[in-house]
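*Asks:* So here's my_file-v1.txt, just compact mmCIF, C-alpha atoms and all ligand atoms:
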# COMPACT_ATOMS: atom_id res chain seq x y z
CA MET A 882 -16.26 27.24 11.31
CA THR A 883 -15.03 23.71 11.98
CA LYS A 884 -13.98 21.73 8.94
CA THR A 885 -14.71 18.01 8.96
CA LEU A 886 -12.05 16.02 7.14
CA LEU A 887 -12.64 12.43 6.07
CA LEU A 888 -9.16 10.94 5.87
CA LEU A 889 -9.08 7.65 3.97
CA GLY A 890 -6.05 5.86 5.32
CA GLY A 891 -4.13 2.64 5.66
CA THR A 892 -0.70 4.10 4.81
CA SER A 893 2.16 5.77 6.65
CA GLU A 894 1.32 9.04 4.86
CA ALA A 895 -2.22 8.91 6.23
CA MET A 896 -0.83 8.31 9.71
CA ALA A 897 1.56 11.26 9.40
CA LEU A 898 -1.24 13.49 8.09
CA ALA A 899 -3.57 12.40 10.91
CA LYS A 900 -0.91 13.41 13.43
CA ARG A 901 -0.69 16.85 11.79
CA THR A 902 -4.43 17.48 11.43
CA ALA A 903 -4.95 16.45 15.08
CA THR A 904 -3.01 19.58 16.02
CA LEU A 905 -4.89 21.95 13.70
CA ALA A 906 -7.45 24.27 15.26
CA GLY A 907 -10.88 24.13 13.66
CA VAL A 908 -10.38 20.73 12.03
CA ARG A 909 -12.22 17.56 13.03
CA THR A 910 -10.67 14.51 11.39
CA ILE A 911 -12.53 11.26 10.83
CA ASN A 912 -9.86 8.65 10.09
CA SER A 913 -11.17 5.74 8.04
CA LEU A 914 -9.44 2.36 7.95
CA ALA A 915 -10.51 -0.66 5.91
CA GLY A 916 -10.15 -2.85 8.99
CA ARG A 917 -8.08 -5.56 7.30
CA THR A 918 -5.31 -5.81 9.90
CA ARG A 919 -6.09 -7.38 13.26
CA LYS A 920 -3.71 -5.10 15.17
CA PRO A 921 -3.63 -1.82 13.23
CA VAL A 922 -1.47 1.05 14.35
CA LEU A 923 -4.12 3.64 15.19
CA PRO A 924 -3.99 7.30 14.20
CA PRO A 925 -4.84 9.87 16.87
CA GLY A 926 -8.45 10.97 17.32
CA GLU A 927 -11.62 9.64 15.76
CA VAL A 928 -11.29 6.37 13.85
CA ARG A 929 -13.89 4.33 11.98
CA PHE A 930 -13.29 0.85 10.58
CA GLY A 931 -14.54 -1.10 7.58
CA GLY A 932 -16.01 -0.38 4.18
CA PHE A 933 -18.78 2.15 3.65
CA GLY A 934 -20.73 -0.17 1.35
CA GLY A 935 -19.80 1.27 -2.05
CA SER A 936 -19.65 4.74 -3.56
CA ALA A 937 -23.33 5.66 -3.00
CA ALA A 938 -23.02 4.75 0.68
CA LEU A 939 -19.81 6.75 0.93
CA ALA A 940 -21.66 9.74 -0.58
CA ARG A 941 -24.34 9.32 2.11
CA PHE A 942 -21.63 9.17 4.79
CA ILE A 943 -20.13 12.41 3.47
CA ALA A 944 -23.53 14.13 3.51
CA ASN A 945 -24.68 12.74 6.88
CA HIS A 946 -21.43 13.64 8.66
CA GLU A 947 -21.25 17.06 6.98
CA VAL A 948 -17.79 16.22 5.65
CA THR A 949 -16.21 19.34 4.16
CA ALA A 950 -13.17 17.66 2.57
CA VAL A 951 -11.92 14.21 1.70
CA ILE A 952 -8.24 13.34 1.55
CA ASP A 953 -7.61 10.02 -0.11
CA ALA A 954 -4.33 8.84 1.41
CA THR A 955 -4.93 5.18 0.64
CA HIS A 956 -2.28 2.95 -0.91
CA PRO A 957 -1.64 3.50 -4.66
CA TYR A 958 -2.85 -0.09 -5.33
CA ALA A 959 -6.13 0.38 -3.41
CA VAL A 960 -8.00 1.29 -6.59
CA GLN A 961 -11.56 0.52 -5.51
CA ILE A 962 -11.75 2.85 -2.53
CA SER A 963 -10.09 5.63 -4.54
CA ALA A 964 -12.61 5.22 -7.37
CA ASN A 965 -15.44 5.23 -4.83
CA ALA A 966 -14.10 8.39 -3.20
CA ALA A 967 -13.90 10.10 -6.60
CA SER A 968 -17.50 9.34 -7.52
CA ALA A 969 -18.87 10.06 -4.01
CA CYS A 970 -17.14 13.45 -3.98
CA ASP A 971 -18.40 14.22 -7.49
CA GLU A 972 -21.92 13.37 -6.35
CA THR A 973 -21.81 15.46 -3.17
CA GLY A 974 -19.63 18.30 -4.47
CA CYS A 975 -17.15 17.62 -1.67
CA PRO A 976 -13.56 18.75 -2.37
CA ARG A 977 -11.15 15.80 -2.67
CA LEU A 978 -7.37 15.57 -2.66
CA ILE A 979 -5.19 12.54 -3.33
CA LEU A 980 -2.10 12.20 -1.16
CA GLU A 981 0.13 9.73 -2.97
CA ARG A 982 3.76 8.94 -2.37
CA PRO A 983 5.85 9.04 -5.56
CA PRO A 984 6.79 5.68 -7.09
CA TRP A 985 10.32 4.32 -6.92
CA GLU A 986 12.37 5.03 -10.04
CA PRO A 987 14.92 2.55 -11.38
CA GLN A 988 18.57 3.47 -10.86
CA PRO A 989 21.68 2.42 -12.77
CA GLY A 990 22.45 -1.21 -11.93
CA ASP A 991 18.83 -2.14 -11.19
CA ARG A 992 17.59 -5.34 -12.85
CA TRP A 993 13.87 -4.50 -12.82
CA GLN A 994 11.35 -6.26 -14.99
CA PRO A 995 8.15 -4.17 -14.99
CA VAL A 996 4.89 -6.13 -15.23
CA SER A 997 1.28 -5.00 -15.14
CA SER A 998 -0.22 -7.41 -12.60
CA ALA A 999 0.48 -10.13 -10.06
CA ARG A 1000 -0.55 -12.68 -12.69
CA ALA A 1001 2.07 -11.29 -15.08
CA ALA A 1002 4.63 -11.33 -12.25
CA ALA A 1003 4.01 -15.06 -11.75
CA VAL A 1004 4.63 -15.67 -15.45
CA ALA A 1005 7.86 -13.63 -15.33
CA LEU A 1006 9.54 -15.80 -12.67
CA LEU A 1007 12.34 -17.99 -14.00
CA PRO A 1008 12.06 -21.77 -13.47
CA GLU A 1009 13.28 -22.90 -10.03
CA ALA A 1010 13.56 -19.29 -8.79
CA ARG A 1011 13.78 -18.42 -5.10
CA ALA A 1012 11.41 -15.49 -4.80
CA LEU A 1013 10.81 -12.98 -2.04
CA LEU A 1014 7.13 -12.05 -2.37
CA THR A 1015 6.15 -8.75 -0.73
CA THR A 1016 2.94 -8.05 -2.61
CA GLY A 1017 0.52 -8.56 0.30
CA HIS A 1018 -1.79 -11.50 0.91
CA ARG A 1019 -4.43 -10.51 -1.67
CA ASP A 1020 -2.14 -11.19 -4.63
CA ILE A 1021 -0.66 -14.52 -3.55
CA ASP A 1022 -3.20 -16.72 -5.35
CA ALA A 1023 -1.75 -15.59 -8.69
CA PHE A 1024 1.48 -17.45 -7.86
CA ALA A 1025 -0.15 -20.73 -6.79
CA TYR A 1026 0.54 -22.59 -10.02
CA ARG A 1027 4.31 -21.97 -9.81
CA ASP A 1028 5.09 -25.15 -7.89
CA ASP A 1029 8.68 -25.06 -9.23
CA VAL A 1030 9.43 -21.80 -7.36
CA ARG A 1031 10.47 -21.54 -3.70
CA PHE A 1032 8.70 -18.56 -2.17
CA VAL A 1033 9.50 -16.52 0.89
CA VAL A 1034 6.31 -14.59 1.61
CA ARG A 1035 6.58 -11.53 3.83
CA LEU A 1036 3.37 -10.35 5.48
CA ILE A 1037 2.56 -8.07 8.41
CA GLU A 1038 0.14 -10.51 10.01
CA ALA A 1039 -0.44 -14.24 9.73
CA PRO A 1040 -2.92 -15.06 6.94
CA ASP A 1041 -6.29 -16.44 8.01
CA ARG A 1042 -5.95 -19.42 5.62
CA PRO A 1043 -3.04 -21.60 4.52
CA LEU A 1044 -1.11 -20.01 1.66
CA PRO A 1045 -1.74 -21.78 -1.69
CA LEU A 1046 1.97 -22.20 -2.48
CA LYS A 1047 3.72 -25.57 -2.68
CA HIS A 1048 7.11 -24.34 -1.41
CA CYS A 1049 6.63 -21.46 0.97
CA THR A 1050 8.37 -19.91 3.97
CA LEU A 1051 6.31 -17.30 5.79
CA VAL A 1052 8.04 -14.29 7.35
CA LEU A 1053 5.86 -12.11 9.58
CA GLU A 1054 7.24 -8.64 10.20
CA ARG A 1055 6.27 -4.99 9.93
CA GLY A 1056 8.60 -2.40 8.36
CA PRO A 1057 10.48 -0.16 8.15
CA PHE A 1058 13.34 -2.41 7.04
CA ASP A 1059 16.93 -1.27 6.64
CA VAL A 1060 19.66 -2.50 4.31
CA GLU A 1061 21.26 -4.68 6.99
CA HIS A 1062 17.98 -6.42 7.71
CA GLU A 1063 17.15 -6.97 4.05
CA THR A 1064 20.66 -8.22 3.23
CA ALA A 1065 20.34 -10.85 5.96
CA LEU A 1066 16.88 -11.90 4.74
CA LEU A 1067 17.89 -12.25 1.08
CA ASP A 1068 21.10 -14.10 2.03
CA ARG A 1069 19.43 -16.46 4.49
CA HIS A 1070 16.94 -17.66 1.88
CA GLY A 1071 19.22 -17.49 -1.18
CA ILE A 1072 16.75 -15.15 -2.89
CA THR A 1073 17.22 -14.86 -6.67
CA VAL A 1074 14.30 -12.53 -7.39
CA VAL A 1075 12.26 -9.96 -5.46
CA VAL A 1076 8.60 -9.52 -6.42
CA THR A 1077 7.11 -6.25 -5.27
CA LYS A 1078 4.57 -3.54 -5.96
CA ASN A 1079 5.94 -0.08 -6.68
CA SER A 1080 4.77 1.27 -3.34
CA GLY A 1081 7.33 4.06 -3.13
CA GLY A 1082 8.55 5.57 0.13
CA LYS A 1083 11.49 4.78 2.38
CA ALA A 1084 10.07 2.11 4.68
CA SER A 1085 10.33 -0.76 2.22
CA ARG A 1086 12.83 0.41 -0.39
CA ALA A 1087 15.95 -1.15 1.20
CA LYS A 1088 15.20 -4.49 -0.48
CA LEU A 1089 15.63 -2.76 -3.85
CA ASP A 1090 18.98 -1.28 -2.81
CA VAL A 1091 20.16 -4.71 -1.65
CA ALA A 1092 18.90 -6.32 -4.88
CA ARG A 1093 20.82 -3.75 -6.95
CA GLU A 1094 24.04 -4.23 -4.96
CA ASN A 1095 23.85 -8.00 -5.35
CA GLY A 1096 22.66 -8.28 -8.98
CA ILE A 1097 19.33 -9.76 -7.91
CA ASP A 1098 16.36 -9.52 -10.28
CA VAL A 1099 13.27 -7.51 -9.32
CA VAL A 1100 9.84 -8.15 -10.81
CA MET A 1101 8.11 -4.81 -10.33
CA ILE A 1102 4.32 -4.77 -10.49
CA ASP A 1103 3.43 -1.38 -11.98
CA ARG A 1104 0.94 0.93 -10.32
CA PRO A 1105 -2.61 0.76 -11.56
CA GLU A 1106 -4.06 3.97 -12.93
CA GLY A 1107 -5.87 5.84 -10.17
CA PRO A 1108 -8.77 8.26 -10.59
CA ALA A 1109 -8.22 11.78 -11.91
CA GLY A 1110 -8.03 14.58 -9.39
CA ASP A 1111 -5.71 16.95 -7.55
CA ARG A 1112 -2.66 15.10 -6.26
CA VAL A 1113 0.08 15.95 -3.80
CA ALA A 1114 3.06 13.92 -2.67
CA THR A 1115 3.69 15.27 0.82
CA VAL A 1116 1.85 15.73 4.08
CA GLY A 1117 2.85 19.41 4.14
CA GLU A 1118 1.14 20.01 0.79
CA ALA A 1119 -1.98 18.21 2.00
CA VAL A 1120 -2.13 20.41 5.11
CA ALA A 1121 -1.70 23.53 2.97
CA TRP A 1122 -4.58 22.38 0.71
CA LEU A 1123 -6.80 21.80 3.74
CA GLU A 1124 -5.96 25.18 5.23
CA CYS A 1125 -6.78 26.93 1.94
CA LEU A 1126 -10.30 25.49 1.78
CA GLY A 1127 -12.94 28.05 2.61
P1 LIG B 1201 -9.53 -1.55 -2.28
O1 LIG B 1201 -9.50 -2.82 -3.04
O2 LIG B 1201 -9.38 -0.28 -3.00
O3 LIG B 1201 -10.87 -1.45 -1.43
C1 LIG B 1201 -11.81 -2.50 -1.31
C2 LIG B 1201 -12.90 -2.03 -0.39
O4 LIG B 1201 -12.40 -1.92 0.96
C3 LIG B 1201 -13.41 -0.64 -0.72
O5 LIG B 1201 -14.35 -0.68 -1.77
C4 LIG B 1201 -13.99 -0.21 0.61
O6 LIG B 1201 -15.21 -0.89 0.88
C5 LIG B 1201 -12.99 -0.79 1.59
N1 LIG B 1201 -11.92 0.16 1.95
C6 LIG B 1201 -10.66 0.23 1.45
N2 LIG B 1201 -9.95 1.17 2.07
C7 LIG B 1201 -10.78 1.74 2.97
C8 LIG B 1201 -10.64 2.77 3.93
N3 LIG B 1201 -9.45 3.42 4.10
N4 LIG B 1201 -11.71 3.09 4.70
C9 LIG B 1201 -12.88 2.43 4.55
N5 LIG B 1201 -13.09 1.43 3.66
C10 LIG B 1201 -12.04 1.09 2.90
O7 LIG B 1201 -8.42 -1.59 -1.12
P2 LIG B 1201 -7.35 -2.72 -0.73
O8 LIG B 1201 -6.34 -2.79 -1.80
O9 LIG B 1201 -8.08 -3.93 -0.28
O10 LIG B 1201 -6.67 -2.02 0.53
C11 LIG B 1201 -7.37 -1.94 1.76
C12 LIG B 1201 -6.68 -0.91 2.64
O11 LIG B 1201 -5.33 -1.32 2.86
C13 LIG B 1201 -6.64 0.47 2.00
O12 LIG B 1201 -7.17 1.40 2.91
C14 LIG B 1201 -5.19 0.72 1.70
O13 LIG B 1201 -4.80 2.05 1.98
C15 LIG B 1201 -4.46 -0.27 2.58
N6 LIG B 1201 -3.28 -0.85 1.91
C16 LIG B 1201 -3.44 -1.48 0.70
C17 LIG B 1201 -2.32 -2.00 0.08
C18 LIG B 1201 -2.43 -2.67 -1.28
O14 LIG B 1201 -1.39 -3.15 -1.79
N7 LIG B 1201 -3.60 -2.73 -1.90
C19 LIG B 1201 -1.06 -1.91 0.69
C20 LIG B 1201 -0.94 -1.26 1.92
C21 LIG B 1201 -2.07 -0.74 2.52
P3 LIG B 1201 -16.65 -0.27 0.53
O15 LIG B 1201 -16.78 -0.32 -0.97
O16 LIG B 1201 -17.59 -1.17 1.24
O17 LIG B 1201 -16.67 1.14 1.04
Re-express the file's structure as structure tokens.
Ligand code: NAP
*Replies:*
Amino acid sequence: MTKTLLLLGGTSEAMALAKRTATLAGVRTINSLAGRTRKPVLPPGEVRFGGFGGSAALARFIANHEVTAVIDATHPYAVQISANAASACDETGCPRLILERPPWEPQPGDRWQPVSSARAAAVALLPEARALLTTGHRDIDAFAYRDDVRFVVRLIEAPDRPLPLKHCTLVLERGPFDVEHETALLDRHGITVVVTKNSGGKASRAKLDVARENGIDVVMIDRPEGPAGDRVATVGEAVAWLECLG
């Protein structure tokens, strides 16, 4: 019997999993992307874009498409879609797995200041700092009042509105980034502090290695608490879970 997997994506893990499930016999994968990026890198196979319209609508989607399993491989900071997936799966009785990359852990020499939100990160910046902001466009408003700080904002795509920052240099680029690249970026702009979410993974961790080597502060926005449920950290474990489902 064919299994229908709803794969909630938007991360490199989701992409890697989509590539694996595309090769599995007896598995139909519906990849779901929020549709925020204008030029997304597309996973193989079936892809749908945009929100479902809340958790009840997601439950209807699961029932109507006879989804037999949901893998939530969304970003650790995408709390709304993960909460919706949890309640929709509870409602429909659909098995759900969370594929979540482990967070970065501080190492000796790191100068991390953990904070609980973008708002708290803005408060934590020292006067006259030169900050590299890699939090994504949704969190930038929290920094708007810091008109004493010079920001370098790194985004994948140009924002659709002017950024609300008095001193701001926009850098548009898509990772992965290596140490050489990040060293050049931090040097070029005289960065004194890096502001980041604890995304985990290899693609964007080089900035932390460079910060450690150069005694640069890091304001680390902690992960929000996600929904309860079975969690794995690797694509291989997610495939094994899928294969074990009856
Ligand atoms: P969010 O706040 O948790 O989600 C907001 C709404 O967007 C959800 O309620 C849902 O709309 C829709 N949505 C989100 N992900 C979806 C998906 N994969 N498929 C279909 N609808 C989705 O999410 P977010 O923080 O805005 O992130 C949006 C997407 O970007 C996520 O898929 C995430 O994996 C990716 N991403 C996020 C971050 C981050 O820092 N937050 C970083 C990298 C990538 P409805 O309620 O209408 O269903």
*Asks:* My list of candidates is A:Ile962, A:Leu888, A:Ala1121, A:Val951. Which is closest to Glu927 in chain A when distances are computed with all atoms listed in the file?
*Replies:* A:Leu888
*Asks:* Per residue of chain A within 10 Å of ligand LIG 1201 (chain B), which atom pair is closest and at what distance in Å (one decimal), using all atoms listed in the file, listed by chain and increasing number, as a tab-separated table?
*Replies:*
residue	atom	partner	partner_atom	distance
A:Leu887	CA	B:LIG1201	N4	9.5
A:Leu888	CA	B:LIG1201	N3	7.7
A:Leu889	CA	B:LIG1201	N3	4.2
A:Gly890	CA	B:LIG1201	N3	4.4
A:Gly891	CA	B:LIG1201	O13	3.8
A:Thr892	CA	B:LIG1201	O13	5.4
A:Ser893	CA	B:LIG1201	C21	8.8
A:Glu894	CA	B:LIG1201	O13	9.7
A:Ala895	CA	B:LIG1201	O13	8.5
A:Asn912	CA	B:LIG1201	N4	8.0
A:Ser913	CA	B:LIG1201	N4	4.3
A:Leu914	CA	B:LIG1201	N3	4.0
A:Ala915	CA	B:LIG1201	C10	3.8
A:Gly916	CA	B:LIG1201	C9	7.4
A:Arg917	CA	B:LIG1201	C11	6.7
A:Thr918	CA	B:LIG1201	O11	8.3
A:Val928	CA	B:LIG1201	N4	9.7
A:Arg929	CA	B:LIG1201	N4	7.7
A:Phe930	CA	B:LIG1201	C9	6.2
A:Gly931	CA	B:LIG1201	N5	4.9
A:Gly932	CA	B:LIG1201	O16	3.4
A:Phe933	CA	B:LIG1201	O17	3.5
A:Gly934	CA	B:LIG1201	O16	3.3
A:Gly935	CA	B:LIG1201	O15	3.6
A:Ser936	CA	B:LIG1201	O15	6.4
A:Ala937	CA	B:LIG1201	O17	9.0
A:Ala938	CA	B:LIG1201	O17	7.3
A:Leu939	CA	B:LIG1201	O17	6.4
A:Asp953	CA	B:LIG1201	N3	8.0
A:Ala954	CA	B:LIG1201	O13	6.8
A:Thr955	CA	B:LIG1201	O13	3.4
A:His956	CA	B:LIG1201	O13	3.9
A:Pro957	CA	B:LIG1201	C18	7.1
A:Tyr958	CA	B:LIG1201	N7	4.4
A:Ala959	CA	B:LIG1201	O2	3.3
A:Val960	CA	B:LIG1201	O2	4.2
A:Gln961	CA	B:LIG1201	O2	3.4
A:Ile962	CA	B:LIG1201	O2	4.0
A:Ser963	CA	B:LIG1201	O2	6.1
A:Ala964	CA	B:LIG1201	O2	7.7
A:Asn965	CA	B:LIG1201	O5	6.7
A:Ala966	CA	B:LIG1201	O17	8.8
A:Thr1015	CA	B:LIG1201	O14	9.5
A:Thr1016	CA	B:LIG1201	O14	6.6
A:Gly1017	CA	B:LIG1201	O14	6.1
A:His1018	CA	B:LIG1201	O14	8.8
A:Arg1019	CA	B:LIG1201	O9	7.7
A:Asp1020	CA	B:LIG1201	O14	8.6
A:Thr1077	CA	B:LIG1201	O14	9.7
A:Lys1078	CA	B:LIG1201	O14	7.3
A:Asn1079	CA	B:LIG1201	O14	9.3
A:Ser1080	CA	B:LIG1201	O14	7.7
A:Arg1104	CA	B:LIG1201	O14	9.7
*Asks:* Could you please determine the separation between CA of Asp1098 in chain A and CA of Pro1045 in chain A in Å, to one decimal place?
*Replies:*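 So the answer is 23.5 Å.
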*Asks:* Give the answer as one residue: which of A:Met896, A:Leu905, A:Val1076, A:Leu1123 has the shortest atom-to-atom distance to Arg992 in chain A, using all atoms listed in the file?
*Replies:*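 Result for the nearest residue to Arg992 in chain A: A:Val1076.
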*Asks:* Could you work out how far CA of Gly1110 in chain A lies from CA of Arg977 in chain A, giving the answer in Å with one decimal?
*Replies:* 7.5 Å
*Asks:* Nearest to Glu947 in chain A: which of A:Ala1001, A:Leu886, A:Ile1037, A:Val1116 is it, counting all atoms listed in the file?
*Replies:*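 Among the listed residues, the smallest separation from Glu947 in chain A belongs to A:Leu886.
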*Asks:* At what distance in Å, to one decimal, does CA of Ser998 in chain A lie from CA of Glu1054 in chain A?
*Replies:*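 Computing it gives 24.0 Å between the two atoms.
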*Asks:* Restricting the calculation to only C-alpha atoms, which member of A:Met882, A:Leu1044, A:Val1075, A:Ala1084 is positioned closest to Pro995 in chain A?
*Replies:*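 Looking only at the distances to Pro995 in chain A, the closest residue turns out to be A:Val1075.
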*Asks:* Extract, using all atoms listed in the file, all DNA, RNA and protein residues at most 12 Å from Arg1093 in chain A, discarding same-chain residues fewer than 2 positions from it, and format them as a list in words.
*Replies:*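 The filter keeps Pro987, Gln988, Pro989, Gly990, Asp991, Arg992, Trp993, Val1060, Thr1064, Thr1073, Val1074, Val1075, Arg1086, Ala1087, Lys1088, Leu1089, Asp1090, Val1091, Asn1095, Gly1096, Ile1097, Asp1098 and Val1099 of chain A.
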*Asks:* Kindly export the residues of the current selection with C-alpha atoms, as an mmCIF file, in the frame of the given file.
*Replies:*
data_model
loop_
_atom_site.group_PDB
_atom_site.id
_atom_site.type_symbol
_atom_site.label_atom_id
_atom_site.label_comp_id
_atom_site.auth_asym_id
_atom_site.auth_seq_id
_atom_site.Cartn_x
_atom_site.Cartn_y
_atom_site.Cartn_z
ATOM 1 C CA PRO A 987 14.920 2.550 -11.380
ATOM 2 C CA GLN A 988 18.570 3.470 -10.860
ATOM 3 C CA PRO A 989 21.680 2.420 -12.770
ATOM 4 C CA GLY A 990 22.450 -1.210 -11.930
ATOM 5 C CA ASP A 991 18.830 -2.140 -11.190
ATOM 6 C CA ARG A 992 17.590 -5.340 -12.850
ATOM 7 C CA TRP A 993 13.870 -4.500 -12.820
ATOM 8 C CA VAL A 1060 19.660 -2.500 4.310
ATOM 9 C CA THR A 1064 20.660 -8.220 3.230
ATOM 10 C CA THR A 1073 17.220 -14.860 -6.670
ATOM 11 C CA VAL A 1074 14.300 -12.530 -7.390
ATOM 12 C CA VAL A 1075 12.260 -9.960 -5.460
ATOM 13 C CA ARG A 1086 12.830 0.410 -0.390
ATOM 14 C CA ALA A 1087 15.950 -1.150 1.200
ATOM 15 C CA LYS A 1088 15.200 -4.490 -0.480
ATOM 16 C CA LEU A 1089 15.630 -2.760 -3.850
ATOM 17 C CA ASP A 1090 18.980 -1.280 -2.810
ATOM 18 C CA VAL A 1091 20.160 -4.710 -1.650
ATOM 19 C CA ASN A 1095 23.850 -8.000 -5.350
ATOM 20 C CA GLY A 1096 22.660 -8.280 -8.980
ATOM 21 C CA ILE A 1097 19.330 -9.760 -7.910
ATOM 22 C CA ASP A 1098 16.360 -9.520 -10.280
ATOM 23 C CA VAL A 1099 13.270 -7.510 -9.320
#
*Asks:* Ranking A:Val1033, A:Ala1012, A:Ser997, A:Ile1072 by minimum distance to Glu1106 in chain A and counting all atoms listed in the file, which one comes first?
*Replies:*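 Of all the options, A:Ser997 lies closest to Glu1106 in chain A.
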*Asks:* Calculated over all atoms listed in the file, which of the candidates A:Ala899, A:Ala999, A:Val948, A:Ile911 has the smallest distance to Pro925 in chain A?
*Replies:*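 Comparing A:Ala899, A:Ala999, A:Val948, A:Ile911 against Pro925 in chain A, the winner is A:Ala899.
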